[in-house]
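Okay, query26.cif is below, mmCIF, C-alpha atoms:
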```
data_data
loop_
_atom_site.label_atom_id
_atom_site.label_comp_id
_atom_site.auth_asym_id
_atom_site.auth_seq_id
_atom_site.Cartn_x
_atom_site.Cartn_y
_atom_site.Cartn_z
CA MET A 1 80.35 109.58 48.58
CA LEU A 2 83.05 107.61 50.36
CA THR A 3 82.89 103.88 49.68
CA LEU A 4 84.67 101.02 51.43
CA ARG A 5 85.75 99.60 48.07
CA ARG A 6 88.05 102.55 47.34
CA LEU A 7 89.76 102.71 50.74
CA ARG A 8 93.25 101.39 51.45
CA PRO A 9 93.26 98.28 53.71
CA ALA A 10 94.69 100.13 56.71
CA VAL A 11 92.03 102.85 56.53
CA LEU A 12 89.31 100.28 55.98
CA GLY A 13 90.39 98.36 59.06
CA SER A 14 90.32 101.50 61.21
CA LEU A 15 86.82 102.40 60.05
CA LEU A 16 85.56 98.90 60.69
CA VAL A 17 86.95 98.98 64.23
CA LEU A 18 85.18 102.27 64.88
CA ALA A 19 81.93 101.01 63.38
CA ALA A 20 81.93 97.97 65.61
CA ALA A 21 82.93 99.88 68.74
CA CYS A 22 80.21 102.51 68.28
CA GLY A 23 77.44 99.92 68.33
CA GLY A 24 76.92 99.94 72.13
CA GLY A 25 76.33 96.73 73.99
CA ASP A 26 79.28 95.25 75.82
CA VAL A 27 81.92 96.80 73.57
CA THR A 28 84.00 99.36 75.47
CA GLY A 29 86.63 101.28 73.56
CA THR A 30 88.19 100.11 70.33
CA ALA A 31 89.52 96.66 69.60
CA VAL A 32 92.53 95.62 67.57
CA ILE A 33 91.60 93.42 64.61
CA PRO A 34 93.65 90.21 64.82
CA THR A 35 95.70 89.20 61.84
CA VAL A 36 94.14 85.96 60.66
CA PRO A 37 95.22 84.45 57.34
CA GLY A 38 92.36 84.26 54.88
CA ILE A 39 90.08 86.63 56.83
CA ASP A 40 89.65 89.50 54.41
CA THR A 41 85.94 90.13 53.96
CA ALA A 42 84.44 93.24 55.50
CA GLY A 43 81.84 91.22 57.36
CA ASN A 44 84.36 88.92 58.97
CA ARG A 45 86.55 91.86 59.96
CA LEU A 46 83.61 93.56 61.61
CA VAL A 47 82.97 90.46 63.69
CA LEU A 48 86.63 90.14 64.66
CA ALA A 49 86.79 93.80 65.66
CA ALA A 50 83.93 93.50 68.15
CA LEU A 51 83.93 89.87 69.22
CA ASP A 52 86.27 87.11 70.31
CA ILE A 53 84.83 84.96 67.52
CA ASP A 54 86.42 83.84 64.27
CA PRO A 55 83.62 83.55 61.68
CA THR A 56 85.66 80.97 59.76
CA ALA A 57 86.19 78.71 62.81
CA LEU A 58 83.08 78.87 64.93
CA PRO A 59 82.90 77.18 68.35
CA SER A 60 81.39 73.72 68.32
CA TYR A 61 77.84 73.54 69.65
CA ALA A 62 76.04 71.15 67.31
CA MET A 63 78.11 68.02 67.99
CA GLN A 64 77.46 67.69 71.70
CA VAL A 65 78.63 64.45 73.28
CA LEU A 66 76.22 63.25 75.95
CA PRO A 67 76.91 60.41 78.41
CA ALA A 68 75.51 56.97 77.66
CA SER A 69 72.93 57.51 80.40
CA TYR A 70 71.20 59.99 78.09
CA THR A 71 69.54 57.23 76.12
CA PRO A 72 67.29 57.83 73.11
CA GLN A 73 64.35 57.29 75.46
CA VAL A 74 65.62 60.04 77.79
CA LEU A 75 66.13 62.45 74.90
CA GLN A 76 62.72 61.70 73.44
CA ARG A 77 61.12 62.31 76.83
CA GLU A 78 63.02 65.44 77.78
CA ASP A 79 64.53 67.30 74.81
CA ARG A 80 61.41 69.03 73.53
CA GLY A 81 63.09 71.96 71.75
CA ALA A 82 64.96 70.05 69.06
CA ALA A 83 62.10 69.71 66.57
CA GLY A 84 62.30 72.44 63.95
CA ASN A 85 65.25 74.22 65.58
CA PRO A 86 68.28 71.95 65.87
CA ILE A 87 71.44 73.43 67.36
CA THR A 88 73.92 74.64 64.74
CA ASP A 89 77.34 76.17 65.36
CA ALA A 90 76.36 79.40 63.60
CA GLY A 91 72.93 79.61 65.21
CA ALA A 92 74.19 79.06 68.76
CA THR A 93 77.09 81.48 68.17
CA LEU A 94 74.63 84.16 67.11
CA GLY A 95 72.46 83.34 70.11
CA ARG A 96 75.46 83.66 72.42
CA VAL A 97 76.24 87.14 71.09
CA LEU A 98 72.62 88.22 71.47
CA PHE A 99 72.52 86.74 74.98
CA PHE A 100 75.43 88.95 76.10
CA ASP A 101 74.52 92.09 74.11
CA ARG A 102 73.24 94.94 76.27
CA ARG A 103 71.73 96.57 73.20
CA LEU A 104 68.80 94.19 73.60
CA SER A 105 67.79 96.37 76.55
CA ARG A 106 66.22 99.72 75.83
CA ASN A 107 68.95 101.78 77.53
CA ASP A 108 71.92 99.46 76.80
CA SER A 109 72.31 98.68 80.51
CA VAL A 110 71.54 94.96 80.81
CA SER A 111 71.68 91.78 78.77
CA CYS A 112 70.24 88.31 79.29
CA ALA A 113 73.57 87.45 80.91
CA SER A 114 73.11 90.17 83.53
CA CYS A 115 70.53 88.00 85.30
CA HIS A 116 71.80 84.61 84.08
CA VAL A 117 75.47 84.53 85.07
CA GLN A 118 77.71 81.76 83.74
CA SER A 119 79.64 81.35 87.00
CA LEU A 120 76.32 80.75 88.78
CA ALA A 121 75.13 78.04 86.35
CA PHE A 122 73.39 80.87 84.50
CA GLY A 123 71.37 82.01 87.51
CA ASP A 124 71.63 84.92 89.92
CA THR A 125 72.58 85.38 93.57
CA ALA A 126 69.98 88.12 93.98
CA ARG A 127 66.55 87.02 95.09
CA PHE A 128 65.08 89.27 92.39
CA SER A 129 67.34 90.55 89.63
CA LEU A 130 67.74 94.26 88.92
CA GLY A 131 66.01 95.65 85.86
CA LEU A 132 67.28 98.09 83.28
CA ASP A 133 66.79 101.16 85.49
CA GLY A 134 69.10 99.77 88.17
CA VAL A 135 66.39 100.16 90.82
CA SER A 136 63.33 98.10 89.89
CA ARG A 137 63.48 94.35 90.29
CA ALA A 138 61.95 91.35 88.56
CA THR A 139 59.02 89.63 90.23
CA ALA A 140 60.51 86.12 90.10
CA HIS A 141 63.95 84.69 90.77
CA SER A 142 66.14 84.18 87.70
CA MET A 143 65.96 80.48 86.94
CA ARG A 144 69.18 78.55 86.30
CA LEU A 145 69.57 77.88 82.59
CA ALA A 146 72.07 75.00 82.74
CA ASN A 147 70.26 71.99 81.29
CA ALA A 148 67.22 74.04 80.26
CA ARG A 149 67.33 71.84 77.17
CA PHE A 150 65.99 68.97 79.27
CA ASN A 151 62.40 69.80 80.14
CA GLN A 152 59.81 67.07 80.09
CA SER A 153 56.83 69.43 80.07
CA GLY A 154 58.18 71.59 77.24
CA GLU A 155 56.87 74.64 79.15
CA TYR A 156 59.03 77.49 80.44
CA PHE A 157 59.12 80.08 83.23
CA TRP A 158 58.32 79.12 86.80
CA ASP A 159 54.59 79.43 86.08
CA ARG A 160 54.86 77.48 82.81
CA ARG A 161 53.32 80.30 80.77
CA ALA A 162 55.66 79.92 77.77
CA PRO A 163 54.86 76.92 75.54
CA SER A 164 58.43 76.60 74.24
CA LEU A 165 61.95 77.85 74.78
CA GLN A 166 61.64 79.94 71.62
CA ALA A 167 58.64 81.70 73.17
CA GLN A 168 60.41 82.16 76.49
CA VAL A 169 63.63 83.79 75.31
CA ILE A 170 62.03 86.97 73.96
CA GLU A 171 59.70 87.71 76.88
CA PRO A 172 62.38 89.37 79.05
CA ILE A 173 63.24 91.68 76.13
CA GLN A 174 59.62 92.85 76.08
CA ASN A 175 59.29 93.17 79.85
CA ALA A 176 59.00 96.78 81.03
CA VAL A 177 61.19 96.16 84.10
CA GLU A 178 63.71 93.65 82.77
CA MET A 179 64.91 94.88 79.35
CA GLY A 180 62.37 97.55 78.57
CA PHE A 181 61.06 96.95 75.04
CA ASP A 182 57.42 96.77 76.12
CA ALA A 183 54.61 97.93 73.83
CA SER A 184 54.93 101.54 74.99
CA HIS A 185 58.58 101.56 73.87
CA GLY A 186 58.25 99.96 70.47
CA GLY A 187 58.24 96.30 71.47
CA LEU A 188 60.32 93.79 69.55
CA THR A 189 60.19 95.97 66.45
CA ALA A 190 62.35 98.55 68.22
CA ALA A 191 64.70 95.88 69.58
CA ILE A 192 65.11 94.36 66.12
CA ALA A 193 65.87 97.79 64.68
CA LYS A 194 68.72 98.21 67.18
CA VAL A 195 70.17 94.83 66.26
CA ASN A 196 69.83 95.64 62.58
CA ALA A 197 71.89 98.82 63.06
CA VAL A 198 74.91 96.95 64.48
CA PRO A 199 77.32 96.29 61.58
CA PHE A 200 78.68 92.89 62.62
CA TYR A 201 75.26 91.26 62.99
CA ALA A 202 74.78 91.12 59.22
CA ARG A 203 77.61 88.59 59.01
CA LEU A 204 76.40 86.53 61.96
CA PHE A 205 72.81 86.33 60.72
CA THR A 206 74.06 85.36 57.27
CA LEU A 207 76.16 82.57 58.76
CA ALA A 208 73.23 81.29 60.78
CA PHE A 209 70.33 81.75 58.37
CA GLY A 210 71.70 82.39 54.87
CA ASN A 211 71.11 86.15 54.69
CA ALA A 212 71.35 89.23 56.88
CA ALA A 213 67.64 89.70 57.64
CA VAL A 214 66.95 90.24 61.36
CA THR A 215 63.53 88.89 62.30
CA GLN A 216 61.71 87.91 65.47
CA ASP A 217 61.74 84.26 64.46
CA ARG A 218 65.50 84.31 63.94
CA LEU A 219 66.10 86.04 67.27
CA GLN A 220 64.04 83.37 68.97
CA ARG A 221 65.69 80.47 67.21
CA ALA A 222 69.25 81.71 67.78
CA LEU A 223 68.75 82.49 71.47
CA ALA A 224 67.01 79.16 72.00
CA GLN A 225 69.84 77.28 70.29
CA TYR A 226 72.41 78.91 72.56
CA VAL A 227 70.42 78.20 75.73
CA ARG A 228 69.81 74.59 74.65
CA SER A 229 73.55 74.15 74.13
CA ILE A 230 74.30 74.90 77.81
CA VAL A 231 74.38 71.32 79.04
CA SER A 232 75.82 70.12 82.34
CA VAL A 233 77.15 66.56 82.02
CA GLN A 234 80.50 66.69 83.84
CA SER A 235 79.50 66.79 87.49
CA ARG A 236 81.01 64.34 89.97
CA TRP A 237 77.77 62.40 89.75
CA ASP A 238 78.01 62.13 85.95
CA VAL A 239 81.61 60.98 86.17
CA ALA A 240 80.72 58.39 88.82
CA VAL A 241 77.77 57.05 86.80
CA ALA A 242 80.00 56.62 83.76
CA ALA A 243 82.68 54.89 85.84
CA SER A 244 80.15 52.53 87.39
CA GLY A 245 78.62 51.61 84.04
CA GLY A 246 75.30 52.27 85.70
CA GLY A 247 71.95 53.25 84.33
CA ALA A 248 68.42 53.82 85.59
CA PRO A 249 67.42 53.84 88.40
CA PHE A 250 71.00 54.97 89.20
CA GLN A 251 70.89 53.59 92.74
CA GLN A 252 74.07 51.50 92.61
CA PRO A 253 77.05 52.60 94.76
CA MET A 254 79.01 55.35 93.05
CA PRO A 255 82.82 55.17 92.90
CA GLY A 256 84.48 58.03 94.70
CA PHE A 257 81.48 59.00 96.79
CA THR A 258 81.86 59.46 100.54
CA ALA A 259 79.65 57.49 102.91
CA GLU A 260 77.61 60.65 103.48
CA GLU A 261 77.17 61.30 99.75
CA SER A 262 76.16 57.67 99.20
CA ARG A 263 73.59 57.91 101.98
CA GLY A 264 72.22 61.10 100.40
CA GLN A 265 72.05 59.39 97.02
CA GLN A 266 70.05 56.51 98.48
CA LEU A 267 67.63 58.89 100.19
CA PHE A 268 67.20 61.05 97.09
CA LEU A 269 66.84 58.30 94.49
CA ALA A 270 64.97 55.51 96.29
CA PRO A 271 61.16 55.66 96.55
CA PRO A 272 59.48 55.80 99.97
CA GLN A 273 58.58 52.10 99.82
CA ALA A 274 62.31 51.39 99.58
CA ASN A 275 63.25 53.62 102.52
CA GLY A 276 64.03 56.62 100.36
CA LEU A 277 62.47 60.05 100.08
CA GLY A 278 61.29 59.71 96.49
CA CYS A 279 62.90 63.00 95.37
CA ALA A 280 63.80 61.42 92.02
CA GLY A 281 60.12 60.84 91.31
CA CYS A 282 59.92 64.55 90.50
CA HIS A 283 63.59 65.41 89.77
CA VAL A 284 64.39 62.64 87.32
CA PRO A 285 67.98 61.52 86.60
CA PRO A 286 70.14 61.64 84.56
CA SER A 287 69.30 65.30 83.82
CA PHE A 288 67.42 65.83 87.10
CA SER A 289 64.78 67.77 85.19
CA LEU A 290 61.23 67.94 86.50
CA ASP A 291 58.82 65.13 85.74
CA ALA A 292 56.18 66.33 83.28
CA ASN A 293 53.33 65.40 85.63
CA SER A 294 54.72 67.26 88.63
CA ARG A 295 52.55 69.81 90.33
CA SER A 296 53.47 72.38 92.95
CA ASN A 297 55.61 71.87 96.02
CA GLY A 298 53.52 73.55 98.70
CA LEU A 299 55.60 76.63 99.33
CA ASP A 300 52.48 78.52 100.43
CA ALA A 301 49.17 77.32 101.82
CA GLY A 302 46.34 77.33 99.32
CA GLU A 303 48.59 77.60 96.26
CA THR A 304 46.66 77.18 93.00
CA ARG A 305 49.51 77.70 90.53
CA ILE A 306 51.33 74.69 89.11
CA PHE A 307 55.02 75.53 89.00
CA ARG A 308 57.98 73.97 87.26
CA SER A 309 61.59 74.00 88.41
CA PRO A 310 64.93 73.99 86.60
CA SER A 311 67.12 70.92 86.35
CA LEU A 312 69.02 70.25 89.57
CA LYS A 313 72.27 69.79 87.65
CA ALA A 314 74.78 72.45 88.72
CA VAL A 315 72.59 73.23 91.74
CA GLY A 316 74.21 74.91 94.72
CA MET A 317 76.62 77.10 92.77
CA GLY A 318 75.59 80.44 94.26
CA ASN A 319 71.90 80.68 93.46
CA ARG A 320 68.89 81.18 95.63
CA TYR A 321 66.05 78.66 95.39
CA MET A 322 62.33 78.50 94.57
CA HIS A 323 60.38 80.74 92.22
CA ASP A 324 60.66 83.69 94.59
CA GLY A 325 64.20 82.93 95.75
CA ARG A 326 63.10 82.70 99.38
CA HIS A 327 65.64 80.04 100.33
CA ALA A 328 69.30 81.04 100.28
CA THR A 329 70.90 77.63 100.92
CA LEU A 330 70.42 73.98 100.05
CA GLU A 331 70.13 73.29 103.77
CA ALA A 332 67.08 75.59 103.91
CA VAL A 333 65.55 73.78 100.93
CA VAL A 334 65.94 70.39 102.63
CA GLU A 335 64.45 71.80 105.86
CA PHE A 336 61.44 73.00 103.88
CA TYR A 337 60.76 69.59 102.36
CA ASP A 338 61.33 67.93 105.70
CA ALA A 339 58.82 69.90 107.75
CA ALA A 340 57.26 72.91 106.01
CA VAL A 341 55.35 71.80 102.89
CA GLN A 342 51.94 73.52 102.96
CA PRO A 343 48.53 72.15 101.85
CA GLY A 344 46.74 73.45 98.78
CA PRO A 345 44.83 72.40 95.66
CA ALA A 346 47.97 72.42 93.47
CA LEU A 347 50.12 70.33 95.83
CA ASP A 348 51.81 67.38 94.16
CA PRO A 349 50.30 64.18 95.60
CA ARG A 350 53.82 62.76 96.05
CA LEU A 351 54.31 65.38 98.77
CA ALA A 352 51.06 64.47 100.52
CA ASN A 353 49.70 61.73 102.74
CA PRO A 354 46.74 59.65 101.54
CA ASN A 355 44.38 62.07 103.32
CA GLY A 356 45.84 65.04 101.44
CA THR A 357 47.83 66.55 104.29
CA PRO A 358 51.49 67.36 103.56
CA ARG A 359 54.03 64.65 104.32
CA ARG A 360 56.48 65.25 107.13
CA LEU A 361 59.78 63.45 106.57
CA ASN A 362 61.17 63.77 110.10
CA LEU A 363 64.74 63.47 108.88
CA SER A 364 67.63 63.32 111.30
CA ALA A 365 70.27 66.01 111.16
CA ALA A 366 72.65 63.47 109.62
CA ASP A 367 70.22 62.53 106.87
CA LYS A 368 69.53 66.18 106.05
CA ALA A 369 73.27 66.75 105.71
CA ALA A 370 73.56 63.63 103.55
CA VAL A 371 70.92 64.88 101.08
CA VAL A 372 72.74 68.21 100.80
CA ALA A 373 76.04 66.38 100.28
CA PHE A 374 74.52 64.37 97.44
CA LEU A 375 73.06 67.48 95.79
CA LYS A 376 76.51 69.03 95.80
CA THR A 377 77.82 66.12 93.70
CA LEU A 378 75.64 67.56 90.90
CA ARG A 379 77.77 70.70 90.76
CA ASP A 380 79.61 71.14 87.47
CA SER A 381 82.68 73.33 87.26
CA ALA A 382 83.01 72.66 83.53
CA VAL A 383 79.77 74.31 82.44
CA VAL A 384 80.53 77.47 84.41
CA THR A 385 83.98 77.89 82.84
CA ASP A 386 83.39 76.61 79.30
CA PRO A 387 84.66 79.30 76.87
CA ARG A 388 81.84 78.52 74.44
CA PHE A 389 79.39 80.06 76.91
CA ARG A 390 81.34 83.10 78.09
CA ASN A 391 80.91 86.73 77.12
CA PRO A 392 82.15 87.00 73.49
CA PHE A 393 82.55 90.79 73.45
CA ARG A 394 86.05 92.22 73.36
CA ARG A 395 86.79 94.44 76.35
#
```
Using structure tokens, write down the structure from this file.
Amino acid sequence: MLTLRRLRPAVLGSLLVLAAACGGGDVTGTAVIPTVPGIDTAGNRLVLAALDIDPTALPSYAMQVLPASYTPQVLQREDRGAAGNPITDAGATLGRVLFFDRRLSRNDSVSCASCHVQSLAFGDTARFSLGLDGVSRATAHSMRLANARFNQSGEYFWDRRAPSLQAQVIEPIQNAVEMGFDASHGGLTAAIAKVNAVPFYARLFTLAFGNAAVTQDRLQRALAQYVRSIVSVQSRWDVAVAASGGGAPFQQPMPGFTAEESRGQQLFLAPPQANGLGCAGCHVPPSFSLDANSRSNGLDAGETRIFRSPSLKAVGMGNRYMHDGRHATLEAVVEFYDAAVQPGPALDPRLANPNGTPRRLNLSAADKAAVVAFLKTLRDSAVVTDPRFRNPFRR
């Protein structure tokens, strides 16, 4: 029996490259193992062969620096996933690799990142993302993941069916259309077996959890840590708030804003009794995540479901909007809230008149454009280019 212990270093390196490259996923062809002083264990070499990750110098995820506007009160109200699963460098690194690994789909065709694209604030331009067969499509629009960490309700998916981020991250893997490991195809047990067969994962799981065991709980925790680490805090709005020294309710003039952007800010942030639209009553700064008590927004008459929405940070970077992706532009979204909210038992009372009928805002064309201009100040080029969040697989 041939053992790694008896092989010469050059032969060992070649075998490790082949082992990593034959694992599927996003690895195409063979990779050259970098020469890194002090990296001599088989596990580390396997990682280096397949991934643009140095196991001895992991990217920094745990020590995230948030602006002063993210006060302890904000974090207590919004960061519901921290308890029991704090972000670690090793855990988020493992989650990142899993997030981009096509082997988590039954036929190695899609990964989480196929529908949650970094350049689109981890959303999708398609109204409904393609599934693993390349033909079938998901039944809901892929929600932006930037700032998913900030979620006042602690519930996930548009229909709030997942009670935590850890519960949410494994549902697509088990979906028959999305990634294909439904009950008829072995479920998570089959997915875990595929991960367990990939040589480099033993090292990554050991770094994250102390040993190489691949379990459902560890998959959930690692993926959730990576998603929670994707935080947008470098938009023009964030920079202006920091420069102004401002805090809640964030309605002071922002340095560097145009007159149109400032008008949009006033409309968005101020309540109706102060000549604003009250948008911030539901989409609460500084994270612009949804207020925990929000109900539905009246997309369809008679709606009984109570939806949630993603944070508005990094909004307008190529995505469609609403749970079914029906709106293709921010202008269409503003038009909807201006004149098309529909009545129904789940309608949020903040979108209704005292008699229960939907409010009509009757905005001028200039004010509609101002709201869109303000929303675009929430765009964040940093989060969509940050190397910590990009595909780690060597090409």
Problem - Using all atoms listed in the file: which of A:Gly302, A:Leu347, A:Asp159, A:Thr125 has the shortest distance to Thr329 in chain A - result: A:Thr125
Exercise for the section: Could you give me, as a list of chain:residue names, the residues that sit within 8 Å of (56.1, 64.1, 90.5) in the file's coordinates, counting all atoms listed in the file? Expected result: A:Gly281, A:Cys282, A:His283, A:Leu290, A:Asp291, A:Ala292, A:Asn293, A:Ser294, A:Arg295, A:Asp348, A:Pro349, A:Arg350
Exercise for the section: Rank A:Leu104, A:Cys115, A:Ala167, A:Leu378 by their smallest atom-to-atom distance to Gly316 in chain A, using only C-alpha atoms, and report the top residue only. Expected result: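 Going through A:Leu104, A:Cys115, A:Ala167, A:Leu378 one by one, the smallest distance to Gly316 in chain A is for A:Leu378.
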Exercise for the section: Counting all atoms listed in the file, figure out which residue out of A:Arg102, A:Ala370, A:Ala222, A:Ser262 gets nearest to Lys194 in chain A. Expected result: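 Once distances to Lys194 in chain A are computed over all atoms listed in the file, the minimum belongs to A:Arg102.
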Problem - A:Phe288, A:Phe268, A:Phe181, A:Tyr156 ranked by distance to Ala373 in chain A, top pick (using only C-alpha atoms) - result: A:Phe268
Problem - Shortest interatomic distance to Leu219 in chain A - which of A:Ala248, A:Ala113, A:Val239, A:Val169, counting all atoms listed in the file - result: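 Ranked by minimum distance to Leu219 in chain A, first place goes to A:Val169.
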Practice task
Return the single residue from A:Ala328, A:Cys112, A:Val74, A:Ala212 that is closest to Pro199 in chain A, with distances computed using all atoms listed in the file.
Solution key: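 Of the candidates, the smallest distance to Pro199 in chain A is held by A:Ala212.
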Practice task
Record the distance separating CA of Gln166 in chain A and CA of Arg218 in chain A, expressed in Å with one decimal.
Solution key: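 Going from CA of Gln166 in chain A over to CA of Arg218 in chain A, I get 9.6 Å.
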Exercise for the section: For Arg80 in chain A, work out the shell of residues within 10 Å, counting only C-alpha atoms and skipping chain neighbours fewer than 4 positions away, then give it as a VMD selection string. Expected result: chain A and resid 75 to 76 149 to 155 164 to 165
Problem - Between CA of Arg144 in chain A and CA of Pro310 in chain A - distance in Å to one decimal - result: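 Computing it gives 6.2 Å between the two atoms.
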Can you tell me, as a tab-separated table (two decimals) with C-alpha atoms, in the coordinates of the input, what residues are no more than 12 Å from Ala202 in chain A when counting all atoms listed in the file, ignoring any on the same chain fewer than 2 positions away?
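around-v9.tsv written:
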```
chain	number	residue	atom	x	y	z
A	20	ALA	CA	81.93	97.97	65.61
A	42	ALA	CA	84.44	93.24	55.50
A	43	GLY	CA	81.84	91.22	57.36
A	44	ASN	CA	84.36	88.92	58.97
A	45	ARG	CA	86.55	91.86	59.96
A	46	LEU	CA	83.61	93.56	61.61
A	47	VAL	CA	82.97	90.46	63.69
A	55	PRO	CA	83.62	83.55	61.68
A	94	LEU	CA	74.63	84.16	67.11
A	195	VAL	CA	70.17	94.83	66.26
A	196	ASN	CA	69.83	95.64	62.58
A	197	ALA	CA	71.89	98.82	63.06
A	198	VAL	CA	74.91	96.95	64.48
A	199	PRO	CA	77.32	96.29	61.58
A	200	PHE	CA	78.68	92.89	62.62
A	204	LEU	CA	76.40	86.53	61.96
A	205	PHE	CA	72.81	86.33	60.72
A	206	THR	CA	74.06	85.36	57.27
A	207	LEU	CA	76.16	82.57	58.76
A	208	ALA	CA	73.23	81.29	60.78
A	209	PHE	CA	70.33	81.75	58.37
A	210	GLY	CA	71.70	82.39	54.87
A	211	ASN	CA	71.11	86.15	54.69
A	212	ALA	CA	71.35	89.23	56.88
A	213	ALA	CA	67.64	89.70	57.64
A	214	VAL	CA	66.95	90.24	61.36
A	215	THR	CA	63.53	88.89	62.30
```
Practice task
Using all atoms listed in the file, determine which residues lie at most 10 Å from Ser381 in chain A, disregarding the query and same-chain residues fewer than 5 positions distant; provide the list as a PyMOL selection string.
Solution key: chain A and resi 119-121+232+234-236+314+317+386
